[in-house]
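This is protein26.csv (CSV, C-alpha atoms and all ligand atoms).
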```csv
chain,number,residue,atom,x,y,z
A,1,MET,CA,36.3,204.4,16.9
A,2,LYS,CA,33.4,205.8,18.9
A,3,CYS,CA,32.1,204.1,22.0
A,4,ARG,CA,28.9,202.0,21.3
A,5,HIS,CA,27.3,203.5,24.3
A,6,CYS,CA,28.5,207.1,25.0
A,7,ASP,CA,30.0,208.0,21.7
A,8,HIS,CA,33.2,209.1,23.3
A,9,GLU,CA,36.4,208.4,21.3
A,10,VAL,CA,37.7,205.0,22.3
A,11,LYS,CA,41.5,204.7,22.2
A,12,HIS,CA,42.7,202.1,24.7
A,13,ALA,CA,43.3,198.5,23.6
A,14,PHE,CA,42.3,195.8,26.0
A,15,ALA,CA,43.1,192.5,24.1
A,16,ASP,CA,44.2,191.8,20.6
A,17,LEU,CA,43.6,188.2,19.7
A,18,GLY,CA,44.7,188.4,16.1
A,19,SER,CA,41.9,187.3,13.8
A,20,SER,CA,39.6,184.3,13.5
A,21,PRO,CA,36.4,183.2,11.7
A,22,PRO,CA,33.1,183.7,13.5
A,23,SER,CA,33.2,181.3,16.5
A,24,ASN,CA,30.0,179.5,15.6
A,25,ALA,CA,30.7,179.0,11.9
A,26,TYR,CA,31.2,175.3,12.2
A,27,LEU,CA,32.3,173.8,8.9
A,28,THR,CA,30.8,170.9,7.0
A,29,LYS,CA,33.1,168.5,5.2
A,30,ALA,CA,32.2,170.1,1.8
A,31,ALA,CA,33.1,173.5,3.2
A,32,LEU,CA,36.7,172.4,3.8
A,33,ASN,CA,37.4,172.9,0.1
A,34,LYS,CA,36.5,176.6,0.4
A,35,PRO,CA,38.3,179.5,2.1
A,36,GLU,CA,37.0,180.9,5.4
A,37,LYS,CA,36.5,184.6,6.2
A,38,TRP,CA,38.7,185.7,9.1
A,39,PHE,CA,37.8,188.8,11.0
A,40,PRO,CA,40.0,190.8,13.3
A,41,LEU,CA,39.4,190.1,17.0
A,42,LYS,CA,40.4,193.2,19.0
A,43,VAL,CA,38.8,194.6,22.1
A,44,MET,CA,38.9,198.2,23.3
A,45,VAL,CA,37.9,200.0,26.5
A,46,CYS,CA,36.1,203.4,26.7
A,47,ASP,CA,37.7,205.6,29.4
A,48,GLN,CA,34.4,207.5,29.9
A,49,CYS,CA,31.8,204.8,30.6
A,50,TRP,CA,34.2,201.8,31.0
A,51,LEU,CA,32.4,199.8,28.4
A,52,VAL,CA,34.8,197.1,27.1
A,53,GLN,CA,33.8,196.5,23.4
A,54,THR,CA,34.9,194.9,20.2
A,55,GLU,CA,36.5,197.1,17.6
A,56,ASP,CA,34.2,197.7,14.6
A,57,PHE,CA,35.3,196.5,11.2
A,58,ALA,CA,33.9,196.1,7.7
A,59,ASP,CA,31.4,193.3,6.8
A,60,ALA,CA,30.4,192.7,10.4
A,61,HIS,CA,27.0,191.6,9.2
A,62,GLU,CA,28.7,188.5,7.6
A,63,LEU,CA,29.5,187.2,11.1
A,64,PHE,CA,26.1,185.7,11.7
A,65,ASP,CA,25.2,182.4,10.3
A,66,ALA,CA,21.5,181.3,10.2
A,67,ASP,CA,22.6,177.8,11.2
A,68,TYR,CA,23.8,178.9,14.6
A,69,ALA,CA,23.4,175.7,16.5
A,70,TYR,CA,23.6,176.3,20.3
A,71,PHE,CA,20.8,174.7,22.2
A,72,SER,CA,20.7,175.7,25.8
A,73,SER,CA,18.9,172.5,26.9
A,74,PHE,CA,22.0,170.4,26.2
A,75,SER,CA,23.6,171.5,29.5
A,76,SER,CA,22.0,169.9,32.6
A,77,SER,CA,23.7,172.3,35.1
A,78,TRP,CA,22.3,175.3,33.1
A,79,LEU,CA,18.8,173.8,33.2
A,80,ASN,CA,19.1,173.4,37.0
A,81,HIS,CA,20.3,177.0,37.2
A,82,VAL,CA,17.3,178.5,35.5
A,83,ASP,CA,14.8,176.2,37.2
A,84,VAL,CA,16.1,177.6,40.6
A,85,TYR,CA,15.9,181.2,39.1
A,86,VAL,CA,12.3,180.8,38.0
A,87,GLN,CA,11.2,179.5,41.4
A,88,ALA,CA,13.0,182.4,43.2
A,89,MET,CA,11.4,185.0,40.9
A,90,ILE,CA,7.9,183.6,41.4
A,91,THR,CA,8.3,183.9,45.2
A,92,ARG,CA,10.1,187.2,45.3
A,93,PHE,CA,7.9,189.1,42.9
A,94,GLN,CA,4.7,187.1,43.6
A,95,LEU,CA,4.1,186.0,40.0
A,96,ASN,CA,0.9,184.2,39.3
A,97,ALA,CA,-1.6,183.3,36.5
A,98,SER,CA,-2.4,187.0,35.8
A,99,SER,CA,1.3,187.9,35.4
A,100,LYS,CA,3.3,188.0,32.2
A,101,VAL,CA,6.9,186.8,31.9
A,102,VAL,CA,8.9,187.7,28.7
A,103,GLU,CA,12.3,186.2,28.0
A,104,VAL,CA,14.5,187.8,25.4
A,105,ALA,CA,16.8,185.2,23.7
A,106,ALA,CA,14.5,182.4,24.8
A,107,ASN,CA,16.6,179.9,22.8
A,108,ASP,CA,14.9,176.5,22.8
A,109,GLY,CA,12.6,177.3,25.7
A,110,TYR,CA,15.0,176.0,28.4
A,111,LEU,CA,13.9,178.7,30.9
A,112,LEU,CA,10.3,179.4,29.9
A,113,GLN,CA,9.3,175.7,30.2
A,114,TYR,CA,9.6,176.2,34.0
A,115,VAL,CA,7.4,179.3,33.9
A,116,LYS,CA,4.8,177.6,31.8
A,117,ALA,CA,4.8,174.6,34.2
A,118,LYS,CA,3.6,177.0,36.9
A,119,ASN,CA,0.8,178.2,34.7
A,120,ILE,CA,2.2,181.7,34.4
A,121,PRO,CA,1.6,183.3,31.0
A,122,CYS,CA,4.9,183.7,29.1
A,123,LEU,CA,6.3,184.7,25.8
A,124,GLY,CA,9.8,184.2,24.3
A,125,VAL,CA,11.7,186.4,21.8
A,126,GLU,CA,14.2,184.5,19.8
A,127,PRO,CA,15.6,185.4,16.4
A,128,THR,CA,17.2,182.0,15.6
A,129,HIS,CA,14.7,179.8,13.7
A,130,SER,CA,16.0,176.3,14.7
A,131,THR,CA,16.0,177.1,18.5
A,132,ALA,CA,12.6,178.9,18.1
A,133,VAL,CA,11.2,175.7,16.6
A,134,ALA,CA,12.5,173.7,19.5
A,135,ALA,CA,10.8,176.1,22.0
A,136,ARG,CA,7.5,175.9,20.2
A,137,ASP,CA,7.8,172.1,20.5
A,138,LYS,CA,7.7,172.7,24.2
A,139,GLY,CA,4.4,174.6,23.8
A,140,ILE,CA,6.0,178.0,24.3
A,141,GLU,CA,4.9,181.1,22.3
A,142,ILE,CA,7.8,182.6,20.4
A,143,VAL,CA,8.2,185.8,18.5
A,144,GLU,CA,11.0,185.2,16.0
A,145,SER,CA,12.7,188.6,16.0
A,146,PHE,CA,15.5,190.7,17.3
A,147,PHE,CA,14.7,192.7,20.4
A,148,GLY,CA,14.8,196.5,20.7
A,149,VAL,CA,12.5,199.5,21.2
A,150,ALA,CA,10.5,198.8,18.0
A,151,LEU,CA,9.6,195.2,19.0
A,152,ALA,CA,9.0,196.2,22.7
A,153,LYS,CA,6.4,198.7,21.5
A,154,GLU,CA,4.7,196.1,19.3
A,155,LEU,CA,4.6,193.6,22.2
A,156,VAL,CA,3.0,196.2,24.6
A,157,ALA,CA,0.4,197.0,21.9
A,158,THR,CA,-0.5,193.3,21.6
A,159,GLY,CA,-0.9,192.7,25.3
A,160,HIS,CA,2.5,191.5,26.4
A,161,GLN,CA,3.5,194.2,28.8
A,162,ALA,CA,5.7,192.4,31.3
A,163,ASP,CA,5.9,191.9,35.1
A,164,LEU,CA,9.2,190.1,34.7
A,165,THR,CA,11.6,190.0,31.8
A,166,ALA,CA,14.6,187.7,31.7
A,167,ALA,CA,17.6,188.2,29.4
A,168,ASN,CA,20.4,185.7,30.0
A,169,ASN,CA,23.7,185.9,28.2
A,170,VAL,CA,22.4,188.3,25.5
A,171,LEU,CA,23.3,191.8,26.7
A,172,ALA,CA,26.9,191.3,25.6
A,173,HIS,CA,25.7,190.0,22.2
A,174,VAL,CA,23.8,193.1,21.0
A,175,PRO,CA,25.5,195.6,18.7
A,176,ASP,CA,23.2,198.4,19.6
A,177,ILE,CA,23.2,198.2,23.4
A,178,ASN,CA,21.3,201.4,23.9
A,179,ASP,CA,18.3,200.4,21.8
A,180,PHE,CA,18.3,196.9,23.3
A,181,VAL,CA,18.2,198.2,26.9
A,182,SER,CA,15.7,200.9,26.1
A,183,GLY,CA,13.4,198.2,24.8
A,184,PHE,CA,13.0,196.8,28.4
A,185,THR,CA,12.1,200.3,29.7
A,186,HIS,CA,9.3,200.2,27.1
A,187,LEU,CA,8.2,196.6,27.7
A,188,LEU,CA,7.9,196.7,31.5
A,189,LYS,CA,4.8,197.4,33.5
A,190,PRO,CA,5.2,200.3,35.9
A,191,ASN,CA,6.3,198.1,38.7
A,192,GLY,CA,7.9,195.3,36.6
A,193,VAL,CA,11.4,193.9,37.0
A,194,SER,CA,14.0,193.1,34.4
A,195,THR,CA,16.8,190.7,35.2
A,196,PHE,CA,19.9,190.3,33.1
A,197,GLU,CA,22.7,187.8,33.4
A,198,PHE,CA,26.1,188.3,31.8
A,199,PRO,CA,29.7,187.2,32.5
A,200,HIS,CA,31.4,189.6,34.9
A,201,LEU,CA,34.3,191.5,33.4
A,202,VAL,CA,36.1,191.5,36.7
A,203,ASN,CA,36.3,187.6,36.5
A,204,LEU,CA,37.4,187.8,32.9
A,205,VAL,CA,40.3,190.0,33.8
A,206,GLN,CA,41.3,188.4,37.1
A,207,GLN,CA,40.8,184.8,35.9
A,208,ASN,CA,42.3,185.4,32.4
A,209,GLN,CA,39.1,184.3,30.7
A,210,PHE,CA,40.2,185.8,27.3
A,211,ASP,CA,38.5,182.9,25.5
A,212,THR,CA,35.1,184.4,26.3
A,213,ILE,CA,36.1,187.1,23.8
A,214,TYR,CA,34.6,186.4,20.4
A,215,HIS,CA,33.1,188.4,17.6
A,216,GLU,CA,29.5,187.7,18.7
A,217,HIS,CA,30.2,189.4,22.0
A,218,PHE,CA,30.2,193.1,21.3
A,219,SER,CA,30.5,194.1,25.0
A,220,TYR,CA,32.2,192.9,28.1
A,221,LEU,CA,30.4,194.1,31.1
A,222,SER,CA,31.0,195.3,34.7
A,223,LEU,CA,28.3,196.5,37.0
A,224,THR,CA,29.8,199.9,36.7
A,225,SER,CA,29.4,200.1,32.9
A,226,VAL,CA,26.0,198.4,32.9
A,227,LYS,CA,24.7,200.9,35.5
A,228,ALA,CA,25.8,203.7,33.2
A,229,VAL,CA,24.2,202.2,30.1
A,230,PHE,CA,20.9,201.5,32.0
A,231,GLU,CA,20.7,205.0,33.5
A,232,LYS,CA,21.0,206.6,30.0
A,233,ASN,CA,18.1,204.3,28.8
A,234,GLY,CA,15.5,204.8,31.5
A,235,LEU,CA,16.3,201.7,33.7
A,236,GLU,CA,17.5,201.8,37.3
A,237,VAL,CA,19.5,198.9,38.8
A,238,PHE,CA,18.2,198.1,42.3
A,239,ASP,CA,19.9,194.7,43.1
A,240,VAL,CA,22.7,192.5,41.9
A,241,GLU,CA,23.8,188.9,42.7
A,242,GLU,CA,27.1,187.3,41.9
A,243,ILE,CA,26.4,183.8,40.4
A,244,PRO,CA,28.8,181.0,39.4
A,245,THR,CA,27.7,180.5,35.7
A,246,HIS,CA,30.2,181.1,32.9
A,247,GLY,CA,33.1,181.4,35.2
A,248,GLY,CA,31.4,184.1,37.3
A,249,SER,CA,28.5,186.1,36.2
A,250,LEU,CA,26.3,188.9,37.5
A,251,ARG,CA,22.5,188.9,37.7
A,252,VAL,CA,21.4,192.5,37.7
A,253,TYR,CA,17.8,193.5,38.7
A,254,ALA,CA,16.5,196.7,37.1
A,255,GLN,CA,13.2,198.6,37.1
A,256,ARG,CA,11.8,201.6,35.2
A,257,ALA,CA,13.5,204.7,36.6
A,258,ASP,CA,10.2,206.7,36.3
A,259,THR,CA,7.8,204.3,38.1
A,260,GLY,CA,9.8,201.5,39.8
A,261,SER,CA,9.4,201.2,43.6
A,262,HIS,CA,11.9,198.4,44.6
A,263,LEU,CA,14.4,199.7,47.1
A,264,LYS,CA,18.1,199.6,46.3
A,265,THR,CA,19.8,196.8,48.2
A,266,ALA,CA,23.0,196.9,50.3
A,267,ARG,CA,24.6,194.2,48.0
A,268,LEU,CA,24.3,196.6,45.1
A,269,GLN,CA,26.3,199.3,46.9
A,270,ASP,CA,28.8,196.6,48.1
A,271,LEU,CA,29.5,195.3,44.6
A,272,LEU,CA,29.9,198.8,43.1
A,273,ALA,CA,32.4,199.6,45.9
A,274,LYS,CA,34.2,196.2,45.2
A,275,GLU,CA,34.5,197.1,41.5
A,276,SER,CA,35.8,200.5,42.3
A,277,SER,CA,38.4,199.1,44.6
A,278,ALA,CA,39.4,196.5,42.0
A,279,GLY,CA,40.0,199.5,39.7
A,280,VAL,CA,37.2,199.0,37.1
A,281,ASP,CA,37.0,202.8,36.8
A,282,SER,CA,40.7,203.3,36.0
A,283,ILE,CA,42.7,202.4,32.9
A,284,ALA,CA,45.4,200.5,34.9
A,285,PHE,CA,42.8,197.7,35.5
A,286,TYR,CA,42.8,196.9,31.7
A,287,GLU,CA,46.5,197.1,31.1
A,288,ASN,CA,48.8,194.1,31.1
A,289,PHE,CA,45.9,191.7,30.2
A,290,GLN,CA,47.5,191.0,26.9
A,291,GLU,CA,50.6,189.7,28.6
A,292,LYS,CA,48.7,187.2,30.7
A,293,VAL,CA,46.8,186.1,27.5
A,294,ASN,CA,50.0,185.5,25.7
A,295,HIS,CA,51.4,183.4,28.6
A,296,ILE,CA,48.4,181.1,28.5
A,297,LYS,CA,48.8,180.6,24.8
A,298,ASP,CA,52.5,179.6,25.3
A,299,GLU,CA,51.7,177.2,28.1
A,300,LEU,CA,49.0,175.4,26.0
A,301,ILE,CA,51.3,175.0,23.0
A,302,ILE,CA,54.1,173.7,25.2
A,303,PHE,CA,51.8,171.1,26.8
A,304,LEU,CA,50.4,169.8,23.5
A,305,THR,CA,53.8,169.7,21.9
A,306,GLU,CA,55.3,167.8,24.8
A,307,ALA,CA,52.4,165.4,25.0
A,308,LYS,CA,52.8,164.6,21.3
A,309,ARG,CA,56.6,164.1,21.7
A,310,ALA,CA,55.9,161.7,24.6
A,311,GLY,CA,53.5,159.7,22.4
A,312,LYS,CA,50.4,160.6,24.5
A,313,LYS,CA,46.9,160.8,23.0
A,314,VAL,CA,45.1,164.1,23.6
A,315,ILE,CA,41.6,164.9,22.6
A,316,ALA,CA,39.4,167.9,23.4
A,317,TYR,CA,35.9,168.0,24.9
A,318,GLY,CA,33.3,170.6,24.1
A,319,ALA,CA,33.1,172.4,20.7
A,320,ALA,CA,32.1,175.6,22.4
A,321,ALA,CA,32.7,179.1,21.0
A,322,LYS,CA,35.3,179.8,23.7
A,323,GLY,CA,37.3,176.8,22.5
A,324,ASN,CA,37.4,178.4,19.1
A,325,THR,CA,38.9,181.6,20.4
A,326,LEU,CA,41.5,179.7,22.3
A,327,LEU,CA,42.5,177.2,19.5
A,328,ASN,CA,42.6,179.9,16.8
A,329,PHE,CA,44.6,182.4,18.9
A,330,ALA,CA,47.0,179.7,19.9
A,331,GLY,CA,47.2,178.4,16.3
A,332,ILE,CA,46.3,174.8,17.3
A,333,ARG,CA,45.6,172.4,14.4
A,334,PRO,CA,44.7,168.7,14.1
A,335,ASP,CA,48.3,167.7,14.2
A,336,LEU,CA,48.4,168.6,17.9
A,337,LEU,CA,44.7,168.1,18.7
A,338,PRO,CA,43.1,165.5,16.4
A,339,CYS,CA,39.5,165.9,17.5
A,340,VAL,CA,36.9,167.6,19.7
A,341,VAL,CA,34.1,165.6,21.3
A,342,ASP,CA,30.7,167.2,21.6
A,343,LYS,CA,27.3,166.0,22.8
A,344,ASN,CA,25.3,168.1,20.4
A,345,PRO,CA,24.5,166.0,17.3
A,346,ALA,CA,24.2,169.3,15.3
A,347,LYS,CA,27.9,169.9,15.7
A,348,GLN,CA,29.1,166.3,15.2
A,349,ASN,CA,30.8,165.4,11.9
A,350,LYS,CA,31.5,169.1,11.4
A,351,PHE,CA,34.8,170.9,11.9
A,352,MET,CA,35.9,173.7,14.2
A,353,PRO,CA,36.1,177.0,12.3
A,354,GLY,CA,39.6,178.2,11.6
A,355,SER,CA,41.5,175.3,13.2
A,356,ARG,CA,39.4,172.8,11.2
A,357,ILE,CA,39.7,170.2,13.9
A,358,PRO,CA,37.0,167.4,13.4
A,359,ILE,CA,34.1,167.3,15.9
A,360,THR,CA,33.0,163.8,16.9
A,361,SER,CA,30.6,162.0,19.2
A,362,GLU,CA,31.7,160.6,22.6
A,363,GLU,CA,32.3,157.2,21.0
A,364,VAL,CA,35.9,158.2,20.2
A,365,ILE,CA,36.7,158.4,23.9
A,366,HIS,CA,35.8,154.7,24.3
A,367,THR,CA,37.6,153.6,21.2
A,368,GLN,CA,40.8,155.7,21.5
A,369,LYS,CA,41.1,155.8,25.3
A,370,PRO,CA,43.0,159.2,25.3
A,371,ASP,CA,45.6,160.0,28.0
A,372,TYR,CA,44.5,163.6,28.2
A,373,ILE,CA,41.1,165.3,27.7
A,374,LEU,CA,41.4,169.0,27.2
A,375,ILE,CA,38.1,170.5,28.5
A,376,LEU,CA,37.5,173.6,26.4
A,377,PRO,CA,34.3,174.9,28.2
A,378,TRP,CA,36.2,175.1,31.6
A,379,ASN,CA,33.0,176.7,33.1
A,380,ILE,CA,31.3,173.2,33.1
A,381,LYS,CA,34.5,171.3,34.0
A,382,SER,CA,33.0,169.4,37.0
A,383,GLU,CA,30.0,168.4,35.0
A,384,VAL,CA,32.2,167.1,32.2
A,385,ILE,CA,34.6,165.2,34.6
A,386,ALA,CA,31.6,163.6,36.3
A,387,GLN,CA,30.1,162.6,32.9
A,388,LEU,CA,33.4,161.1,31.7
A,389,SER,CA,34.2,159.4,35.1
A,390,TYR,CA,34.5,156.0,33.2
A,391,THR,CA,37.8,157.3,31.8
A,392,LYS,CA,39.3,156.5,35.2
A,393,ALA,CA,39.5,152.9,34.0
A,394,TRP,CA,42.6,153.9,32.0
A,395,SER,CA,43.7,156.8,34.2
A,396,ALA,CA,42.9,159.6,31.7
A,397,LYS,CA,43.7,163.1,33.0
A,398,PHE,CA,41.6,166.2,32.5
A,399,VAL,CA,43.3,169.4,31.4
A,400,THR,CA,42.1,173.0,31.4
A,401,ALA,CA,44.0,176.0,30.0
A,402,ILE,CA,42.3,178.8,31.9
A,403,PRO,CA,42.9,180.6,34.3
A,404,LYS,CA,46.2,178.7,33.9
A,405,LEU,CA,47.2,175.3,32.5
A,406,THR,CA,46.0,172.6,35.0
A,407,THR,CA,46.1,168.8,34.8
A,408,GLN,CA,44.1,166.6,37.2
B,501,ZN,ZN,31.7,205.0,26.5
```
Would you mind writing the file out in structure tokens?
Amino acid sequence: MKCRHCDHEVKHAFADLGSSPPSNAYLTKAALNKPEKWFPLKVMVCDQCWLVQTEDFADAHELFDADYAYFSSFSSSWLNHVDVYVQAMITRFQLNASSKVVEVAANDGYLLQYVKAKNIPCLGVEPTHSTAVAARDKGIEIVESFFGVALAKELVATGHQADLTAANNVLAHVPDINDFVSGFTHLLKPNGVSTFEFPHLVNLVQQNQFDTIYHEHFSYLSLTSVKAVFEKNGLEVFDVEEIPTHGGSLRVYAQRADTGSHLKTARLQDLLAKESSAGVDSIAFYENFQEKVNHIKDELIIFLTEAKRAGKKVIAYGAAAKGNTLLNFAGIRPDLLPCVVDKNPAKQNKFMPGSRIPITSEEVIHTQKPDYILILPWNIKSEVIAQLSYTKAWSAKFVTAIPKLTTQ
């Protein structure tokens, strides 16, 4: 296959997770009578630009379900994260009532609500109808569309040229990364700033976060590869921060290469050097990942099998996409894990894709008093443990599978 970014022939495998249905294709009870479509889940790395990327396959367009039900506002720690971000951007880039903020992948307005509260004009771009409706309910203007050069030109023509753009956890999701990035070059005012947040590939590799690999993620990004993609598309990275979200992410600050005047920071140079010394620009960095992934799978199967044999009750918490990758790769089914609890009513009474494990409300924790609660979204582990602190009453233990099987 050819690299999504630089068109070079891609020949090195990074991780092969077998095959699974799309990670957000939650099943209704009626759908259990029908077959599911499973797609190969294999990730490759380009040895020219170091973009880690999913392998292309036929029928990729069938991956996306219009019912996609992730609402960002369901996570309180995520809301706090973006509230702090908005205040920091207003101060640093002196945003005011004559500025314009555009968020791409605005979801349910979780971020722009804080921009709007400061009376700064804003606009969201969001292709998913159900979340766009939720954002409009917060009084936020939403363009229901996918983002790229064509939409950026339209937005500029209709008075939405941006002082600040935000794009959180979307850069990895776009199949045409060049067109997407180039869209920001078109959308920005001459001195405007674009920020992007995405999980950091270095953490994925070093912390064994293979469950963040799923079909909807086309790219797995390092600062090294992002810088290369941006440069080809008219954007210049001038700053970067390491942030704790999603198991360790980067927030990259970029400006138009032709007109931007922000100076490059020392921490940008530091992180590029750190990536280089970790080996991001050498093929050895990507080798042996599969072996670590296989080991985590084995440990989880052993834990669940032994718990079952000992007569212990285990349930899972958090019907997140990453949970689906883990459960399907490990071949876990309801005999070993009878249910997954989730706060989101849109997921309750449905079934996990592939594994077909039922998704229930939190009520089941009260009625069944499980001995072990396997937290699938390990990135919000402390939030979940705090929320479920009442399970101390019967000494329930919390389990996470990544970076290695841990019980506490
Ligand atoms: Zn490449």
Give me, as a Markdown table, the closest atom pair and its distance (Å, one decimal) for every residue of chain A within a cut-off of 12 Å of ligand ZN 501 (chain B), counting only C-alpha atoms and all ligand atoms, rows sorted by chain and rising number.
```
| residue | atom | partner | partner_atom | distance |
| --- | --- | --- | --- | --- |
| A:Met1 | CA | B:ZN501 | ZN | 10.7 |
| A:Lys2 | CA | B:ZN501 | ZN | 7.8 |
| A:Cys3 | CA | B:ZN501 | ZN | 4.6 |
| A:Arg4 | CA | B:ZN501 | ZN | 6.6 |
| A:His5 | CA | B:ZN501 | ZN | 5.1 |
| A:Cys6 | CA | B:ZN501 | ZN | 4.1 |
| A:Asp7 | CA | B:ZN501 | ZN | 5.9 |
| A:His8 | CA | B:ZN501 | ZN | 5.4 |
| A:Glu9 | CA | B:ZN501 | ZN | 7.8 |
| A:Val10 | CA | B:ZN501 | ZN | 7.3 |
| A:Lys11 | CA | B:ZN501 | ZN | 10.7 |
| A:His12 | CA | B:ZN501 | ZN | 11.5 |
| A:Met44 | CA | B:ZN501 | ZN | 10.4 |
| A:Val45 | CA | B:ZN501 | ZN | 8.0 |
| A:Cys46 | CA | B:ZN501 | ZN | 4.7 |
| A:Asp47 | CA | B:ZN501 | ZN | 6.7 |
| A:Gln48 | CA | B:ZN501 | ZN | 5.0 |
| A:Cys49 | CA | B:ZN501 | ZN | 4.1 |
| A:Trp50 | CA | B:ZN501 | ZN | 6.1 |
| A:Leu51 | CA | B:ZN501 | ZN | 5.6 |
| A:Val52 | CA | B:ZN501 | ZN | 8.5 |
| A:Gln53 | CA | B:ZN501 | ZN | 9.3 |
| A:Ile177 | CA | B:ZN501 | ZN | 11.3 |
| A:Asn178 | CA | B:ZN501 | ZN | 11.3 |
| A:Ser219 | CA | B:ZN501 | ZN | 11.1 |
| A:Leu221 | CA | B:ZN501 | ZN | 11.9 |
| A:Thr224 | CA | B:ZN501 | ZN | 11.6 |
| A:Ser225 | CA | B:ZN501 | ZN | 8.4 |
| A:Val226 | CA | B:ZN501 | ZN | 10.8 |
| A:Ala228 | CA | B:ZN501 | ZN | 9.0 |
| A:Val229 | CA | B:ZN501 | ZN | 8.8 |
| A:Lys232 | CA | B:ZN501 | ZN | 11.4 |
| A:Asp281 | CA | B:ZN501 | ZN | 11.8 |
```
Quick one: residues within 12 Å of region 284-298 of chain A, all atoms listed in the file counted, chain neighbours fewer than 4 positions away excluded, as JSON, numbers by chain?
-> {"A": [12, 13, 14, 15, 16, 17, 18, 42, 43, 44, 45, 46, 47, 50, 51, 52, 201, 202, 204, 205, 206, 207, 208, 209, 210, 211, 212, 213, 220, 275, 276, 277, 278, 279, 280, 302, 303, 304, 305, 325, 326, 327, 328, 329, 330, 331, 332, 400, 401, 402, 403, 404, 405, 406]}
Hey, could you make a per-residue contact list for region 188-306 of chain A against region 94-101 of chain A with 10 Å as the cut-off, showing the nearest pair of atoms and its distance in Å to one decimal, counting only C-alpha atoms, sorted by chain and number, as a tab-separated table?
```
residue	atom	partner	partner_atom	distance
A:Leu188	CA	A:Lys100	CA	9.9
A:Lys189	CA	A:Lys100	CA	9.6
A:Gly192	CA	A:Lys100	CA	9.7
A:Val193	CA	A:Val101	CA	9.8
A:Ser194	CA	A:Val101	CA	9.8
```
Once you have the residues from the selection above, write them out as a compact mmCIF listing (two decimals), in the frame of the given file, restricted to C-alpha atoms.
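Saved to again34.txt:
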```txt
# COMPACT_ATOMS: atom_id res chain seq x y z
CA LEU A 188 7.90 196.70 31.50
CA LYS A 189 4.80 197.40 33.50
CA GLY A 192 7.90 195.30 36.60
CA VAL A 193 11.40 193.90 37.00
CA SER A 194 14.00 193.10 34.40
```
Shell of 12 Å around region 382-396 of chain A, all atoms listed in the file, local chain residues under 2 positions omitted, as number ranges by chain = A: 75-78, 312-318, 341-343, 362-380, 398-400, 407-408
Restricted to C-alpha atoms, what would the selected residues look like written as a PDB file, in the coordinates of the input?
```pdb
ATOM      1  CA  SER A  75      23.600 171.500  29.500  1.00  0.00           C
ATOM      2  CA  SER A  76      22.000 169.900  32.600  1.00  0.00           C
ATOM      3  CA  SER A  77      23.700 172.300  35.100  1.00  0.00           C
ATOM      4  CA  TRP A  78      22.300 175.300  33.100  1.00  0.00           C
ATOM      5  CA  LYS A 312      50.400 160.600  24.500  1.00  0.00           C
ATOM      6  CA  LYS A 313      46.900 160.800  23.000  1.00  0.00           C
ATOM      7  CA  VAL A 314      45.100 164.100  23.600  1.00  0.00           C
ATOM      8  CA  ILE A 315      41.600 164.900  22.600  1.00  0.00           C
ATOM      9  CA  ALA A 316      39.400 167.900  23.400  1.00  0.00           C
ATOM     10  CA  TYR A 317      35.900 168.000  24.900  1.00  0.00           C
ATOM     11  CA  GLY A 318      33.300 170.600  24.100  1.00  0.00           C
ATOM     12  CA  VAL A 341      34.100 165.600  21.300  1.00  0.00           C
ATOM     13  CA  ASP A 342      30.700 167.200  21.600  1.00  0.00           C
ATOM     14  CA  LYS A 343      27.300 166.000  22.800  1.00  0.00           C
ATOM     15  CA  GLU A 362      31.700 160.600  22.600  1.00  0.00           C
ATOM     16  CA  GLU A 363      32.300 157.200  21.000  1.00  0.00           C
ATOM     17  CA  VAL A 364      35.900 158.200  20.200  1.00  0.00           C
ATOM     18  CA  ILE A 365      36.700 158.400  23.900  1.00  0.00           C
ATOM     19  CA  HIS A 366      35.800 154.700  24.300  1.00  0.00           C
ATOM     20  CA  THR A 367      37.600 153.600  21.200  1.00  0.00           C
ATOM     21  CA  GLN A 368      40.800 155.700  21.500  1.00  0.00           C
ATOM     22  CA  LYS A 369      41.100 155.800  25.300  1.00  0.00           C
ATOM     23  CA  PRO A 370      43.000 159.200  25.300  1.00  0.00           C
ATOM     24  CA  ASP A 371      45.600 160.000  28.000  1.00  0.00           C
ATOM     25  CA  TYR A 372      44.500 163.600  28.200  1.00  0.00           C
ATOM     26  CA  ILE A 373      41.100 165.300  27.700  1.00  0.00           C
ATOM     27  CA  LEU A 374      41.400 169.000  27.200  1.00  0.00           C
ATOM     28  CA  ILE A 375      38.100 170.500  28.500  1.00  0.00           C
ATOM     29  CA  LEU A 376      37.500 173.600  26.400  1.00  0.00           C
ATOM     30  CA  PRO A 377      34.300 174.900  28.200  1.00  0.00           C
ATOM     31  CA  TRP A 378      36.200 175.100  31.600  1.00  0.00           C
ATOM     32  CA  ASN A 379      33.000 176.700  33.100  1.00  0.00           C
ATOM     33  CA  ILE A 380      31.300 173.200  33.100  1.00  0.00           C
ATOM     34  CA  PHE A 398      41.600 166.200  32.500  1.00  0.00           C
ATOM     35  CA  VAL A 399      43.300 169.400  31.400  1.00  0.00           C
ATOM     36  CA  THR A 400      42.100 173.000  31.400  1.00  0.00           C
ATOM     37  CA  THR A 407      46.100 168.800  34.800  1.00  0.00           C
ATOM     38  CA  GLN A 408      44.100 166.600  37.200  1.00  0.00           C
TER      39      GLN A 408
END
```
Return the single residue from A:Pro127, A:Asp163, A:His215, A:Ala152 that is closest to Leu41 (chain A), with distances computed using all atoms listed in the file.
->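 Answer, going by the shortest atom-to-atom distance: A:His215.
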Of A:Leu187, A:Ala307, A:Val170, A:Ile140, the one nearest to Phe218 (chain A) when counting only C-alpha atoms is A:Val170
